[in-house]
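S.K.: So that we are looking at the same thing, I have put the structure below in structure tokens.
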Amino acid sequence: MSTVEKPALAAEAHHEHHDEGFLRKYLFSTDHKTIGLQYGFTSLLFLLFGFCLMMLMRWNLAYPWQSLPILGKLLGETRFPGGTMAPEFYNELGAMHGTIMVFLGIVPLAVGAFGNYIVPLQIGAPDMAFPKINLASYWCYFVGGGVMLASFFVPGGAAKSGWTSYTPLADIEGVGQTWWLVGMVFLITSSLLGSINFIVTIVQLRAPGLSWMKLPFFVWAQLVTSFLLLLAFPPLEGAAVMQLMDRLADTSFFLPSGLVVSGKILDVAGGGTPLLWQHLFWFLAHPEVYVLILPAMGIVAEVIANNTRKPLWGYKSLVYSVVFLGFMSFIVWAHHMFMTGMGTTMSTFFQTTTMIISIPSVIILSCLFISLYGASIRFNTPMLFALAFLPMFGIGGLTGLPLGLGPTDIHLHDTYYVIGHFHYVVAPGTIFALFAGIYYWFPKITGRRMSEALGKIHFWGSLVFMNTIFMPMMVQGLAGMSRRLADGGLSYAHAQPVLGLNKMISMSAWALGLFQIFFIVNLFWSMRRKQRAAENPWAATTMEWAAPSPPIPHRNFDKTPTAYRGPYEYSVPGQAADFLPQHVPAKG
Amino acid sequence: MSAHDADIPKQVKAFKLVFAALALGTVLTVAVSTFHLPIVAAVVVALLIASAKGSLVAGWFMHLRAEKKAIYAVLALTVFFFAFLLLWPLLDIGGGMGKQNVMDGVKQPWDPHSGHGATTGHGGAGGESGSNQSGN
Amino acid sequence: MQIPYTVEERPETGLTNGKFGIWLFLASEVMLFGSLFSALIVLRMGAGSWPHGWEILNIPIGTINTMVLIGSSVTMVMAWASLRLNNFGAFRKYLGSTVLLALVFLVFKAIEYNEKFQHGYFPSTHNFFATYFTMTGLHGLHVIGGIIVNSYLLFPGSAMWKTDPERFTNRIEYAGLYWHFVDLVWIFLFPILYLL
């Protein structure tokens, strides 16, 4: 990449950009990088908001029915009658915390932001295959998010039936649930448009020489994720349509005959079943949790390869495992429903597939662990988060095993053990990986590095408090304490021995929130740093580092790169440098 | 664009034949339905005819007969999961899915074989008063 | 910079981006209608009583509508074939017919729905109607979507024929794939709802 050409091309692109008005350039851009950043900022804001909802919940769990100073008054009489939280509001917080974190936070960040920004760069493409559809997908997400937020202000408040919206409660509760369903339709549409874009882009727009087994693992992970979104989301959309019909047209898709509500038989035709909703919901929601973890595994793989200065161990195993994992994820869903009275045939089938699906997960984790053996590890902030991901995801995965087996699930279903399990995978799991990605790719996006000092404080604080939040939840769950209780188990005798943990968990949650301030400050302060970073400050091999920082608008590279080798050629014997970038031709 | 320009008039002939076959299939499926076959046989015959018609549309109108491997792979994957989505209730041997609720004898709002139309458009029929708790 | 393989095919896959994209979209639509068919199976199997389609629904109108939609599939593929034969006039005639036939389908649907309402049959009456109205309703929304897309391609969109005829022909092909899929869904929906 000649330095003479660079200013000329940059100027041409700059000129192109100058012709675009503010709206075209920043709000309605078709450039995958701008869209990726839009997704990134929006999703981080939603993550923060979802976190705040949780911090409010933790108040009532630590101090049940006690007056919340200041905030209690601010949130009004309906939500905090007399200053204490209304149980209905607690349910709102619970349902919306889950919905917002999963659908408005993690997936848009992992797929919409990281996927959009990095995938075209890593495959040497100028943009995504369908830039206008990309634009539409972001604004669908935005509108869906707006609808979800607005639902807090409708009569009766936001949805209250859990992020799982189980019927019959979801069928009969207040109008906020209708808003939830409408919001979901927008979000599902956004994901469908995005998934089509990703699959076509990865299949069709790979640079010359970039064959399938030379792809960075991050790209493989995004490809499989997109197939999950493409094929698993539509059944939820169908189910949402049916629930809307139940709510708005008085149908009985999910309402059985003779349902008694508040002492009276519900005046509907009946003949439906709540189990139908559960099956259709979990048909999506199980693949959805793999949507939550796969991009994260991809990011961790990139950061580990880079900071161990050696190729990933077992690249082929990683690829075959992630594809197999994606396929299996479609046929395990009813392990969320073992307690619904299913027959032993169905139960056996889903226990079996669930045990089988743990195999590729273990293979992936093992390959990443083994990659550390004999490595020259650089303990920078992204690597710290990536390293922590490994045992945290390990704990999350292992704690899933008793949930996936019927007999043990009898005891653990709907307890805090489940909450501990899935948060371990998503919070110190996926979110740590996403932090790693932000610290790692920040220099490519902004041309500057984030502060290592602030990053390390952010890391250690987050690691400690994530564990003091979620490990005690396992203890509470094993004691039988149920989830979704506004009073944190106060009214149940069997929960009394573990009630004390509630205060510790809540304070850890608030402390975790405080430590995120280091990240927020770091993010904004570093963006405006005067000192620019090198083009490839991590000495990485993958193709995104071949583009300028930030890459050229609407074209990314001066000229289309060619892939000459695999993605992780670090410490190649006989080479002077300890890395050989993918796009650099072989010498001699 | 793949150069089968010479093919087009031949394809047009095929389209007309397919249309005739589809029309025939439609007439056939309606005719068979008048026999009021027992339910299992009726379902099998209806699905067979529909699948035949569908294959014609997919194969000729949608050019699936000459499509690329990537498309076949995506469709094969989809068909597998589609089949799973439709057939999982078969796993529920001995389970409770779809089992009729204990509603024998309880007055249903509308019985399709009672010979009457619904008394009101709403699910409510005589007797079942009670405020409707449905969401607004 | 141009996105590669918008008009020419990528050698490795033999596909243009748009062709691949539309098939992926159709795959997702298979899963969408699949969930509704799944619901129908579950609800019917568990129902105390469930009428036969031929006891309640208007089979003559359903049959006519089936033929109307099949006819529109023929005109749609003929529209594409006309462009391949460089006959823009024939293209407009065929695509216009497709849109018209689709509108006829909707008119008959409206007549049918109204007939049901007049008899006091609503989605809320029984799950038979809930599934009937929801499945044909969702299908109808897809018909409307197709009308909008085809109308766009027939009028403002057809300007592309002058500037980039190959790309425009491809667009008609992709719109056709969507339209044939809508027809395909009806080919299954009609016997399952009306004739069983």
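Following the order of the structure tokens, chains are lettered A, B, ..., residues in each are numbered from 1, and ligands are numbered from 1.
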Taking the chain letters and numbering used in this document, name the residues of segment 30-255 of chain A that DSSP puts in helix (DSSP H, G or I), as a PyMOL selection string.
M.R.: chain A and resi 32-62+71-74+76-79+81-83+87-122+131-153+169-172+176-204+212-214+217-248
S.K.: Find the residues in chain A near chain C: any atom within 7 Å counts, using only C-alpha atoms. Write them as a list in words.
M.R.: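 Residues satisfying the distance criterion: Pro126, Ala129, Ile196, Val200, Gln204, Leu205, Leu230, Leu231, Pro234, Pro235, Glu237, Gly238, Ala249, Asp250, Thr251, Ser252, Phe253, Ala269, Gly271, Gly272, Leu276, His554 and Arg555 of chain A.
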S.K.: Compute the chain A side of the contact with chain B at 8 Å, counting only C-alpha atoms, and hand it back as an MDAnalysis selection string.
M.R.: chainID A and resid 171:175 231 247:248 250 256:258 261 264:269 271 273 275 330 341:346
S.K.: Of the residues C:Leu154, C:Val7, C:Met160, C:Ala79, which is the one nearest to chain B, using only C-alpha atoms?
M.R.: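 Of all the options, C:Val7 lies closest to chain B.
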S.K.: Could you check how far atom CA of Pro428 of chain A sits from atom CA of Glu92 of chain A, in Å to one decimal?
M.R.: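 Calculated distance between atom CA of Pro428 of chain A and atom CA of Glu92 of chain A is 24.5 Å.
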S.K.: Excluding His142 of chain C and its own-chain neighbours fewer than 2 positions away, which residues fall within 12 Å of it when counting only C-alpha atoms? Please give them as a PyMOL selection string.
M.R.: chain C and resi 26+29+32-33+102+106+135-140+144-149+178-186
S.K.: Please compute the atom CA of Leu312 of chain A-atom CA of Lys456 of chain A distance, one decimal, in Å.
M.R.: 24.7 Å
S.K.: Would you compute the distance between atom CA of Ala539 of chain A and atom CA of Val323 of chain A? Give it in Å to one decimal.
M.R.: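 Calculated distance between atom CA of Ala539 of chain A and atom CA of Val323 of chain A is 29.1 Å.
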S.K.: Excluding Ile39 of chain B and any residue of its chain fewer than 4 positions from it, enumerate the residues within 12 Å of it, using only C-alpha atoms, and give them as a list of chain:residue names.
M.R.: B:Ser33, B:Phe35, B:Val43, B:Val44, B:Val45, B:Ala46, C:Arg44, C:Met45, C:Trp50, C:Pro51, C:His52, C:Gly53, C:Ile192, C:Leu195, C:Leu196
